[in-house]
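Chemist: Okay, so here is data_9.txt, and as you'll see once you scroll down, it has compact mmCIF, C-alpha atoms.
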```txt
# COMPACT_ATOMS: atom_id res chain seq x y z
CA MET A 1 7.03 4.99 26.34
CA LYS A 2 9.63 2.44 25.34
CA ILE A 3 12.15 1.27 27.93
CA LEU A 4 15.28 -0.74 27.13
CA TYR A 5 17.53 -2.58 29.57
CA PHE A 6 21.06 -3.80 28.91
CA ALA A 7 23.68 -6.11 30.44
CA TRP A 8 22.98 -7.12 34.08
CA LEU A 9 19.93 -4.84 34.30
CA ARG A 10 18.35 -6.83 31.46
CA GLN A 11 19.22 -10.10 33.19
CA ARG A 12 17.85 -9.06 36.59
CA ILE A 13 14.63 -7.61 35.15
CA GLY A 14 14.20 -10.56 32.78
CA THR A 15 13.37 -8.57 29.65
CA ASP A 16 15.20 -6.27 27.24
CA THR A 17 12.30 -4.04 26.17
CA GLU A 18 8.92 -2.96 27.40
CA GLU A 19 6.36 -0.41 26.29
CA PHE A 20 3.64 1.31 28.25
CA VAL A 21 1.80 4.59 28.64
CA LEU A 22 3.70 6.87 30.99
CA PRO A 23 1.68 7.38 34.20
CA ASN A 24 0.87 11.07 34.83
CA GLU A 25 2.71 11.24 38.13
CA ILE A 26 6.04 10.35 36.49
CA GLN A 27 7.89 13.51 35.50
CA THR A 28 11.57 12.58 35.59
CA VAL A 29 13.94 9.64 35.13
CA GLU A 30 14.20 9.41 38.91
CA ASP A 31 10.39 9.16 39.22
CA LEU A 32 10.44 6.41 36.62
CA ILE A 33 13.08 4.41 38.54
CA ASN A 34 11.10 4.79 41.77
CA TRP A 35 7.99 3.53 40.00
CA LEU A 36 9.79 0.63 38.27
CA ILE A 37 11.16 -0.55 41.63
CA THR A 38 7.58 -1.18 42.82
CA ARG A 39 6.93 -3.57 39.92
CA GLY A 40 8.73 -6.60 41.36
CA PRO A 41 11.85 -8.08 42.92
CA GLY A 42 13.73 -8.18 39.59
CA TYR A 43 13.31 -4.43 39.24
CA SER A 44 14.21 -3.60 42.84
CA ASP A 45 17.29 -5.80 42.50
CA ALA A 46 18.31 -4.15 39.20
CA PHE A 47 17.88 -0.63 40.59
CA ALA A 48 19.21 -1.37 44.09
CA LYS A 49 22.20 0.92 43.50
CA PRO A 50 20.91 3.68 41.19
CA GLU A 51 24.22 5.57 41.49
CA VAL A 52 25.97 2.95 39.34
CA ILE A 53 23.31 3.05 36.61
CA ARG A 54 23.42 5.28 33.56
CA ALA A 55 20.30 6.47 31.75
CA ALA A 56 19.83 7.56 28.14
CA VAL A 57 16.77 9.24 26.64
CA ASN A 58 16.41 9.19 22.86
CA LEU A 59 20.03 7.96 22.52
CA GLU A 60 21.59 10.71 24.69
CA TYR A 61 23.02 10.35 28.19
CA VAL A 62 20.86 12.18 30.74
CA ASN A 63 20.86 12.90 34.47
CA PHE A 64 18.12 11.47 36.66
CA ASP A 65 16.37 14.87 36.90
CA HIS A 66 15.73 14.82 33.13
CA SER A 67 12.03 15.35 32.24
CA LEU A 68 10.26 12.56 30.38
CA LYS A 69 7.58 12.51 27.69
CA ASN A 70 5.41 9.54 26.71
CA GLU A 71 7.04 9.25 23.25
CA ASP A 72 10.57 8.95 24.68
CA GLU A 73 12.81 5.91 24.35
CA VAL A 74 14.52 5.43 27.71
CA ALA A 75 17.45 3.07 28.27
CA PHE A 76 19.01 1.92 31.54
CA PHE A 77 22.40 0.26 31.70
CA PRO A 78 25.58 -0.20 33.77
CA PRO A 79 28.73 1.84 33.07
CA VAL A 80 30.00 0.99 29.60
CA THR A 81 32.91 -1.43 29.17
CA GLY A 82 33.58 -1.58 25.43
CA GLY A 83 36.82 -1.08 23.55
CA MET B 1 33.88 5.71 8.96
CA ILE B 2 32.10 3.62 11.56
CA LYS B 3 31.59 -0.14 11.38
CA VAL B 4 29.86 -2.09 14.15
CA GLN B 5 29.93 -5.74 13.17
CA LYS B 6 30.05 -9.37 14.31
CA GLU B 7 32.65 -10.43 11.76
CA ASP B 8 36.42 -10.21 12.01
CA PHE B 9 38.28 -7.75 9.80
CA ASP B 10 41.62 -7.46 8.03
CA ILE B 11 43.80 -4.78 9.64
CA SER B 12 46.20 -4.39 6.72
CA LYS B 13 43.35 -3.92 4.23
CA GLU B 14 41.73 -1.31 6.46
CA ILE B 15 44.99 0.61 6.86
CA GLU B 16 45.72 0.41 3.12
CA ALA B 17 42.27 1.78 2.28
CA LEU B 18 42.64 4.60 4.78
CA ALA B 19 46.18 5.49 3.69
CA SER B 20 45.26 5.67 0.01
CA SER B 21 42.06 7.70 0.50
CA ASP B 22 43.81 11.09 0.11
CA GLY B 23 47.13 12.01 -1.53
CA SER B 24 48.02 14.50 1.21
CA ILE B 25 48.10 11.77 3.90
CA GLY B 26 51.59 11.33 5.30
CA ALA B 27 50.81 9.49 8.56
CA VAL B 28 48.50 6.74 9.78
CA SER B 29 48.22 5.80 13.42
CA SER B 30 46.18 2.81 14.60
CA PHE B 31 45.12 0.86 17.68
CA VAL B 32 43.87 -2.71 17.97
CA GLY B 33 42.15 -4.06 21.11
CA LEU B 34 42.26 -7.83 21.68
CA VAL B 35 40.56 -10.35 23.96
CA ARG B 36 43.01 -11.37 26.73
CA ASP B 37 43.34 -14.97 27.91
CA GLN B 38 42.53 -14.11 31.55
CA ASP B 39 39.41 -12.55 33.05
CA SER B 40 39.43 -8.96 34.31
CA ARG B 41 39.26 -9.64 38.06
CA GLU B 42 42.36 -8.21 39.71
CA VAL B 43 42.51 -10.99 42.29
CA SER B 44 42.09 -14.69 41.42
CA ALA B 45 41.90 -14.12 37.69
CA GLU B 46 41.40 -17.36 35.80
CA ALA B 47 41.63 -18.54 32.22
CA LEU B 48 39.03 -16.88 30.05
CA LYS B 49 36.90 -18.92 27.63
CA SER B 50 35.17 -16.06 25.86
CA ILE B 51 33.70 -12.62 26.13
CA THR B 52 30.30 -11.64 24.77
CA LEU B 53 29.87 -8.02 23.77
CA GLU B 54 26.38 -6.58 24.04
CA HIS B 55 25.53 -3.12 22.71
CA TYR B 56 22.73 -0.62 22.13
CA PRO B 57 22.87 -0.48 18.32
CA ALA B 58 21.18 2.87 17.59
CA MET B 59 23.06 4.67 20.34
CA THR B 60 26.39 3.01 19.54
CA GLU B 61 26.22 4.26 15.97
CA LYS B 62 25.27 7.77 17.11
CA LYS B 63 27.93 8.03 19.82
CA LEU B 64 30.71 6.70 17.58
CA LEU B 65 29.79 9.18 14.84
CA GLU B 66 29.81 12.01 17.39
CA ILE B 67 33.21 10.92 18.74
CA GLU B 68 34.62 10.84 15.23
CA ILE B 69 33.28 14.32 14.40
CA LYS B 70 34.74 15.62 17.68
CA ALA B 71 38.18 14.22 16.78
CA LYS B 72 38.02 15.81 13.33
CA SER B 73 37.14 19.20 14.76
CA ARG B 74 40.10 19.04 17.14
CA TRP B 75 42.90 17.62 15.00
CA ASN B 76 43.80 17.86 11.36
CA ILE B 77 42.55 14.40 10.38
CA LYS B 78 42.07 13.56 6.72
CA SER B 79 40.30 10.27 7.32
CA SER B 80 39.51 7.90 10.18
CA ILE B 81 37.89 4.55 10.88
CA ILE B 82 36.45 2.89 13.97
CA ILE B 83 35.53 -0.81 13.82
CA HIS B 84 33.95 -2.36 16.92
CA ARG B 85 32.78 -5.96 17.10
CA TYR B 86 29.91 -7.43 19.10
CA GLY B 87 28.80 -10.98 19.92
CA ARG B 88 30.94 -13.84 21.26
CA LEU B 89 34.73 -13.53 20.96
CA GLU B 90 37.52 -15.82 22.11
CA PRO B 91 40.99 -15.00 23.48
CA GLY B 92 43.24 -13.54 20.81
CA GLU B 93 40.37 -12.21 18.72
CA LYS B 94 40.18 -8.55 17.75
CA ILE B 95 37.53 -6.43 19.50
CA VAL B 96 38.17 -2.91 18.31
CA PHE B 97 40.21 -1.08 15.69
CA VAL B 98 40.78 2.65 15.42
CA ALA B 99 42.93 4.33 12.78
CA CYS B 100 43.47 7.98 11.91
CA ALA B 101 45.22 9.45 8.89
CA SER B 102 46.73 12.93 8.78
CA LYS B 103 49.36 15.00 6.98
CA HIS B 104 51.84 14.79 9.89
CA ARG B 105 52.08 12.17 12.62
CA GLN B 106 51.13 14.10 15.77
CA ASP B 107 47.52 14.68 14.69
CA ALA B 108 47.11 10.99 13.87
CA PHE B 109 48.65 9.83 17.18
CA ASP B 110 46.62 12.23 19.31
CA ALA B 111 43.31 11.68 17.52
CA CYS B 112 43.71 7.90 17.75
CA ASN B 113 44.42 8.12 21.48
CA PHE B 114 41.45 10.46 22.00
CA LEU B 115 39.06 8.22 20.05
CA MET B 116 39.96 5.17 22.15
CA ASP B 117 39.65 7.04 25.45
CA TRP B 118 36.24 8.43 24.52
CA LEU B 119 35.02 5.16 23.09
CA LYS B 120 35.88 3.42 26.36
CA THR B 121 33.73 5.78 28.43
CA GLU B 122 30.94 6.82 26.01
CA ALA B 123 30.12 4.01 23.57
CA PRO B 124 27.34 1.77 24.93
CA PHE B 125 29.02 -1.66 24.88
CA TRP B 126 29.17 -4.17 27.75
CA LYS B 127 31.43 -7.20 28.11
CA LEU B 128 30.31 -10.46 29.69
CA GLU B 129 33.31 -12.66 30.52
CA GLU B 130 33.02 -16.41 30.68
CA SER B 131 35.69 -18.40 32.50
CA GLN B 132 35.67 -22.04 33.62
CA SER B 133 33.74 -21.40 36.82
CA ARG B 134 31.66 -18.29 36.21
CA LYS B 135 30.15 -15.61 34.03
CA ASN B 136 30.95 -12.10 35.04
CA TRP B 137 30.04 -8.63 33.68
CA VAL B 138 33.24 -6.62 33.31
CA LYS B 139 33.42 -3.68 35.72
CA LYS B 140 34.27 -0.15 34.72
CA ARG B 141 37.89 0.87 35.37
CA GLU B 142 38.55 4.19 37.10
CA SER B 143 41.68 4.59 34.97
CA ASP B 144 39.47 4.73 31.85
CA ASP B 145 37.55 7.70 33.29
CA LYS B 146 40.82 9.45 34.12
CA ALA B 147 42.15 8.81 30.63
CA ALA B 148 39.04 10.40 29.08
CA GLU B 149 39.15 13.34 31.52
CA ARG B 150 42.48 14.58 30.19
CA TRP B 151 40.92 15.52 26.83
CA LYS B 152 38.33 17.87 28.39
```
Is it possible to express this structure as structure tokens?

Modeler:
Amino acid sequence: MKILYFAWLRQRIGTDTEEFVLPNEIQTVEDLINWLITRGPGYSDAFAKPEVIRAAVNLEYVNFDHSLKNEDEVAFFPPVTGG
Amino acid sequence: MIKVQKEDFDISKEIEALASSDGSIGAVSSFVGLVRDQDSREVSAEALKSITLEHYPAMTEKKLLEIEIKAKSRWNIKSSIIIHRYGRLEPGEKIVFVACASKHRQDAFDACNFLMDWLKTEAPFWKLEESQSRKNWVKKRESDDKAAERWK
């Protein structure tokens, strides 16, 4: 699985991309966030308020109950502020 | 047409190209978004030095194309263009340009308005503001969500 982070999530986590094999117990985006939080203070800080974070899987916005597959590209980012 | 680029662009050339793309075009409506000279904090705003726009390239392209197709299915648009810049921009610089061409003006006005409202809430761009004393990620505005809601 490939995970991308943008804006302040990228800054808090300290990287913009990472790749790993999806652990079996992770079924949904929410499971993934709960697992990422255990990986260090940068992650727990970035995901401290999950309600303000948006997730995309394979370039589409998804809800946190969305099911994940190992070949997915997942992105986490704050609400968008372009334009 | 979608262009996501670092470079500046020439508004008059873009409008000319759009206007001359089809003989049946009788109206062109456009919007230009600029970098303001103050940061976005409501209280204690201070002079802004720059903004840096970050984006998610693959998704930006996809979302902008989708938004454009949506506008074309809803209004009688002959041609349209969205240009959005990324990277570091200073006050006064152009950030975004949207233009729509149609036979009569109402389609062009409405489609242009719709494209900007959707772009604001759907296109994956983020602004980092830099003022004298701090760097600050721009926060989402509730009014942008409301503006996009009215097209649903």

Chemist: For the contact check between chain B and chain A, emit one row per residue of chain B within 9 Å, containing the shortest atom pair and the distance in Å rounded to one decimal, counting all atoms listed in the file, chain then rising number order, as a tab-separated table.

Modeler:
```
residue	atom	partner	partner_atom	distance
B:Gly33	CA	A:Gly83	CA	6.6
B:Leu34	CA	A:Gly83	CA	8.9
B:Leu53	CA	A:Gly82	CA	7.6
B:Glu54	CA	A:Ala7	CA	7.0
B:His55	CA	A:Phe6	CA	7.7
B:Tyr56	CA	A:Phe6	CA	7.7
B:Ala58	CA	A:Leu59	CA	7.2
B:Met59	CA	A:Leu59	CA	5.0
B:Thr60	CA	A:Leu59	CA	8.6
B:Lys62	CA	A:Leu59	CA	7.5
B:Lys63	CA	A:Leu59	CA	8.3
B:His84	CA	A:Gly83	CA	7.3
B:Ile95	CA	A:Gly83	CA	6.7
B:Val96	CA	A:Gly83	CA	5.7
B:Phe97	CA	A:Gly83	CA	8.6
B:Met116	CA	A:Gly83	CA	7.1
B:Asp117	CA	A:Gly83	CA	8.8
B:Leu119	CA	A:Gly83	CA	6.5
B:Lys120	CA	A:Gly83	CA	5.4
B:Thr121	CA	A:Val80	CA	6.2
B:Glu122	CA	A:Val80	CA	6.9
B:Ala123	CA	A:Val80	CA	6.7
B:Pro124	CA	A:Val80	CA	5.4
B:Phe125	CA	A:Gly82	CA	4.6
B:Trp126	CA	A:Thr81	CA	4.8
B:Lys127	CA	A:Thr81	CA	6.1
B:Leu128	CA	A:Ala7	CA	8.0
B:Trp137	CA	A:Trp8	CA	7.2
B:Val138	CA	A:Thr81	CA	6.6
B:Lys139	CA	A:Thr81	CA	6.9
B:Lys140	CA	A:Thr81	CA	5.9
B:Arg141	CA	A:Thr81	CA	8.3
```

Chemist: Can you spit out the residues from that selection as a compact mmCIF listing (two decimals), in the frame of the given file, using C-alpha atoms?

Modeler:
```
# COMPACT_ATOMS: atom_id res chain seq x y z
CA GLY B 33 42.15 -4.06 21.11
CA LEU B 34 42.26 -7.83 21.68
CA LEU B 53 29.87 -8.02 23.77
CA GLU B 54 26.38 -6.58 24.04
CA HIS B 55 25.53 -3.12 22.71
CA TYR B 56 22.73 -0.62 22.13
CA ALA B 58 21.18 2.87 17.59
CA MET B 59 23.06 4.67 20.34
CA THR B 60 26.39 3.01 19.54
CA LYS B 62 25.27 7.77 17.11
CA LYS B 63 27.93 8.03 19.82
CA HIS B 84 33.95 -2.36 16.92
CA ILE B 95 37.53 -6.43 19.50
CA VAL B 96 38.17 -2.91 18.31
CA PHE B 97 40.21 -1.08 15.69
CA MET B 116 39.96 5.17 22.15
CA ASP B 117 39.65 7.04 25.45
CA LEU B 119 35.02 5.16 23.09
CA LYS B 120 35.88 3.42 26.36
CA THR B 121 33.73 5.78 28.43
CA GLU B 122 30.94 6.82 26.01
CA ALA B 123 30.12 4.01 23.57
CA PRO B 124 27.34 1.77 24.93
CA PHE B 125 29.02 -1.66 24.88
CA TRP B 126 29.17 -4.17 27.75
CA LYS B 127 31.43 -7.20 28.11
CA LEU B 128 30.31 -10.46 29.69
CA TRP B 137 30.04 -8.63 33.68
CA VAL B 138 33.24 -6.62 33.31
CA LYS B 139 33.42 -3.68 35.72
CA LYS B 140 34.27 -0.15 34.72
CA ARG B 141 37.89 0.87 35.37
```

Chemist: Please indicate the distance in Å from atom CA of Lys152 of chain B to atom CA of Lys72 of chain B, rounded to one decimal place.

Modeler: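 Calculated distance between atom CA of Lys152 of chain B and atom CA of Lys72 of chain B is 15.2 Å.
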
Chemist: So that I can check the surroundings of Val32 of chain B, please list as a list in words every protein, DNA and RNA residue that reaches within 12 Å of it, counting only C-alpha atoms and ignoring chain neighbours fewer than 4 positions away.

Modeler: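 My list of contacting residues is Gly83 of chain A; Phe9, Asp10, Ile11, Ser12, Glu14, Ile15, Ile81, Ile82, Ile83, His84, Arg85, Gly92, Glu93, Lys94, Ile95, Val96, Phe97, Val98, Ala99, Cys112, Asn113 and Met116 of chain B.
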
Chemist: Give me, please, the distance in Å between atom CA of Ile13 of chain A and atom CA of Ala46 of chain A, quoted to one decimal.

Modeler: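 Here the two named atoms are 6.5 Å from each other.
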
Chemist: Might you pull out every residue within 12 Å of Lys49 of chain A, with all atoms listed in the file counted and same-chain residues fewer than 5 positions away left off, and present them as a list in words?

Modeler: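 Using all atoms listed in the file, the neighbours found are Leu9, Ile33, Asn34, Ile37, Tyr43, Ser44, Arg54, Phe77 and Pro78 of chain A.
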
Chemist: Output C-alpha atoms of each residue in that selection to a file, as a JSON list (two decimals), in the frame of the given file.

Modeler:
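Output contents, as saved in again_35.json:
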```
[["chain", "number", "residue", "atom", "x", "y", "z"],
["A", 9, "LEU", "CA", 19.93, -4.84, 34.30],
["A", 33, "ILE", "CA", 13.08, 4.41, 38.54],
["A", 34, "ASN", "CA", 11.10, 4.79, 41.77],
["A", 37, "ILE", "CA", 11.16, -0.55, 41.63],
["A", 43, "TYR", "CA", 13.31, -4.43, 39.24],
["A", 44, "SER", "CA", 14.21, -3.60, 42.84],
["A", 54, "ARG", "CA", 23.42, 5.28, 33.56],
["A", 77, "PHE", "CA", 22.40, 0.26, 31.70],
["A", 78, "PRO", "CA", 25.58, -0.20, 33.77]]
```

Chemist: Fewer than 4 positions away in the same chain doesn't count, so skip those; otherwise give me all residues within 7 Å of segment 66-70 of chain A, counting only C-alpha atoms, as a ChimeraX atom specification.

Modeler: /A:1,21-22,27-29,62

Chemist: Using Å and a single decimal, report how far atom CA of Asn136 of chain B sits from atom CA of Ala48 of chain A.

Modeler: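 Between atom CA of Ala48 of chain A and atom CA of Asn136 of chain B the gap works out to 18.3 Å.
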
Chemist: Identify which of the residues A:Asp72, A:Glu51, A:Asp65, A:Asp45 lies closest to Arg10 of chain A, counting all atoms listed in the file when measuring atom-to-atom distances.

Modeler: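 Comparing A:Asp72, A:Glu51, A:Asp65, A:Asp45 against Arg10 of chain A, the winner is A:Asp45.
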
Chemist: Residues near Ser102 of chain B, anyone? I mean within 9 Å using all atoms listed in the file, not counting same-chain ones fewer than 3 positions away, as a list of chain:residue names.

Modeler: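 Residues meeting the cut-off are B:Ser24, B:Ile25, B:Gly26, B:Ala27, B:Val28, B:Ser29, B:Trp75, B:Asn76, B:Ile77, B:Lys78, B:Ser79, B:Ser80, B:Arg105, B:Gln106, B:Asp107, B:Ala108.
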
Chemist: Return as AutoDock Vina command-line options the centre and edge lengths, in Å with one decimal, of the box along x, y and z that encloses every atom of segment 68-83 of chain B in the file, padded by 4 Å per side.

Modeler:
```
--center_x 38.5 --center_y 9.2 --center_z 12.2 --size_x 18.5 --size_y 28.0 --size_z 19.0
```

Chemist: Could all heavy atoms be built for segment 48-59 of chain A and written out as an mmCIF file, keeping the file's coordinate frame?

Modeler:
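Written file, part-v3.cif:
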```cif
data_model
loop_
_atom_site.group_PDB
_atom_site.id
_atom_site.type_symbol
_atom_site.label_atom_id
_atom_site.label_comp_id
_atom_site.auth_asym_id
_atom_site.auth_seq_id
_atom_site.Cartn_x
_atom_site.Cartn_y
_atom_site.Cartn_z
ATOM 1 N N ALA A 48 18.827 -1.469 42.678
ATOM 2 C CA ALA A 48 19.210 -1.370 44.090
ATOM 3 C C ALA A 48 20.265 -0.281 44.328
ATOM 4 O O ALA A 48 20.270 0.372 45.361
ATOM 5 C CB ALA A 48 19.712 -2.719 44.592
ATOM 6 N N LYS A 49 21.174 -0.118 43.354
ATOM 7 C CA LYS A 49 22.200 0.920 43.500
ATOM 8 C C LYS A 49 22.086 1.872 42.305
ATOM 9 O O LYS A 49 22.861 1.772 41.348
ATOM 10 C CB LYS A 49 23.597 0.288 43.488
ATOM 11 C CG LYS A 49 23.987 -0.364 44.794
ATOM 12 C CD LYS A 49 25.448 -0.760 44.698
ATOM 13 C CE LYS A 49 25.877 -1.615 45.869
ATOM 14 N NZ LYS A 49 27.182 -2.232 45.611
ATOM 15 N N PRO A 50 21.127 2.807 42.367
ATOM 16 C CA PRO A 50 20.910 3.680 41.190
ATOM 17 C C PRO A 50 22.140 4.513 40.826
ATOM 18 O O PRO A 50 22.304 4.898 39.676
ATOM 19 C CB PRO A 50 19.742 4.580 41.619
ATOM 20 C CG PRO A 50 19.557 4.379 43.071
ATOM 21 C CD PRO A 50 20.193 3.085 43.453
ATOM 22 N N GLU A 51 23.039 4.735 41.791
ATOM 23 C CA GLU A 51 24.220 5.570 41.490
ATOM 24 C C GLU A 51 25.181 4.909 40.508
ATOM 25 O O GLU A 51 26.007 5.600 39.909
ATOM 26 C CB GLU A 51 24.945 5.963 42.796
ATOM 27 C CG GLU A 51 25.597 4.817 43.576
ATOM 28 C CD GLU A 51 24.643 4.061 44.506
ATOM 29 O OE1 GLU A 51 23.412 4.251 44.399
ATOM 30 O OE2 GLU A 51 25.143 3.261 45.317
ATOM 31 N N VAL A 52 25.075 3.589 40.319
ATOM 32 C CA VAL A 52 25.970 2.950 39.340
ATOM 33 C C VAL A 52 25.299 2.781 37.967
ATOM 34 O O VAL A 52 25.907 2.259 37.042
ATOM 35 C CB VAL A 52 26.495 1.565 39.813
ATOM 36 C CG1 VAL A 52 27.236 1.698 41.132
ATOM 37 C CG2 VAL A 52 25.380 0.539 39.915
ATOM 38 N N ILE A 53 24.039 3.235 37.868
ATOM 39 C CA ILE A 53 23.310 3.050 36.610
ATOM 40 C C ILE A 53 23.345 4.323 35.776
ATOM 41 O O ILE A 53 23.280 5.424 36.298
ATOM 42 C CB ILE A 53 21.850 2.637 36.933
ATOM 43 C CG1 ILE A 53 21.865 1.230 37.526
ATOM 44 C CG2 ILE A 53 20.969 2.691 35.687
ATOM 45 C CD1 ILE A 53 20.564 0.818 38.129
ATOM 46 N N ARG A 54 23.484 4.133 34.468
ATOM 47 C CA ARG A 54 23.420 5.280 33.560
ATOM 48 C C ARG A 54 22.098 5.220 32.796
ATOM 49 O O ARG A 54 21.595 4.137 32.512
ATOM 50 C CB ARG A 54 24.592 5.274 32.588
ATOM 51 C CG ARG A 54 25.910 5.558 33.285
ATOM 52 C CD ARG A 54 27.058 5.686 32.320
ATOM 53 N NE ARG A 54 27.180 7.057 31.820
ATOM 54 C CZ ARG A 54 28.199 7.465 31.055
ATOM 55 N NH1 ARG A 54 29.140 6.629 30.685
ATOM 56 N NH2 ARG A 54 28.265 8.717 30.643
ATOM 57 N N ALA A 55 21.568 6.403 32.483
ATOM 58 C CA ALA A 55 20.300 6.470 31.750
ATOM 59 C C ALA A 55 20.528 7.247 30.457
ATOM 60 O O ALA A 55 21.326 8.181 30.409
ATOM 61 C CB ALA A 55 19.257 7.176 32.594
ATOM 62 N N ALA A 56 19.809 6.823 29.411
ATOM 63 C CA ALA A 56 19.830 7.560 28.140
ATOM 64 C C ALA A 56 18.382 7.779 27.714
ATOM 65 O O ALA A 56 17.539 6.886 27.879
ATOM 66 C CB ALA A 56 20.577 6.771 27.077
ATOM 67 N N VAL A 57 18.100 8.953 27.200
ATOM 68 C CA VAL A 57 16.770 9.240 26.640
ATOM 69 C C VAL A 57 16.982 9.655 25.189
ATOM 70 O O VAL A 57 17.779 10.553 24.901
ATOM 71 C CB VAL A 57 16.045 10.347 27.446
ATOM 72 C CG1 VAL A 57 14.755 10.757 26.743
ATOM 73 C CG2 VAL A 57 15.752 9.862 28.860
ATOM 74 N N ASN A 58 16.280 8.954 24.304
ATOM 75 C CA ASN A 58 16.410 9.190 22.860
ATOM 76 C C ASN A 58 17.884 9.218 22.429
ATOM 77 O O ASN A 58 18.331 10.123 21.718
ATOM 78 C CB ASN A 58 15.677 10.478 22.466
ATOM 79 C CG ASN A 58 14.221 10.410 22.865
ATOM 80 O OD1 ASN A 58 13.607 9.341 22.854
ATOM 81 N ND2 ASN A 58 13.657 11.535 23.272
ATOM 82 N N LEU A 59 18.632 8.232 22.911
ATOM 83 C CA LEU A 59 20.030 7.960 22.520
ATOM 84 C C LEU A 59 21.049 8.964 23.077
ATOM 85 O O LEU A 59 22.201 8.966 22.651
ATOM 86 C CB LEU A 59 20.187 7.874 20.992
ATOM 87 C CG LEU A 59 19.161 7.024 20.237
ATOM 88 C CD1 LEU A 59 19.438 7.082 18.734
ATOM 89 C CD2 LEU A 59 19.174 5.577 20.720
#
```
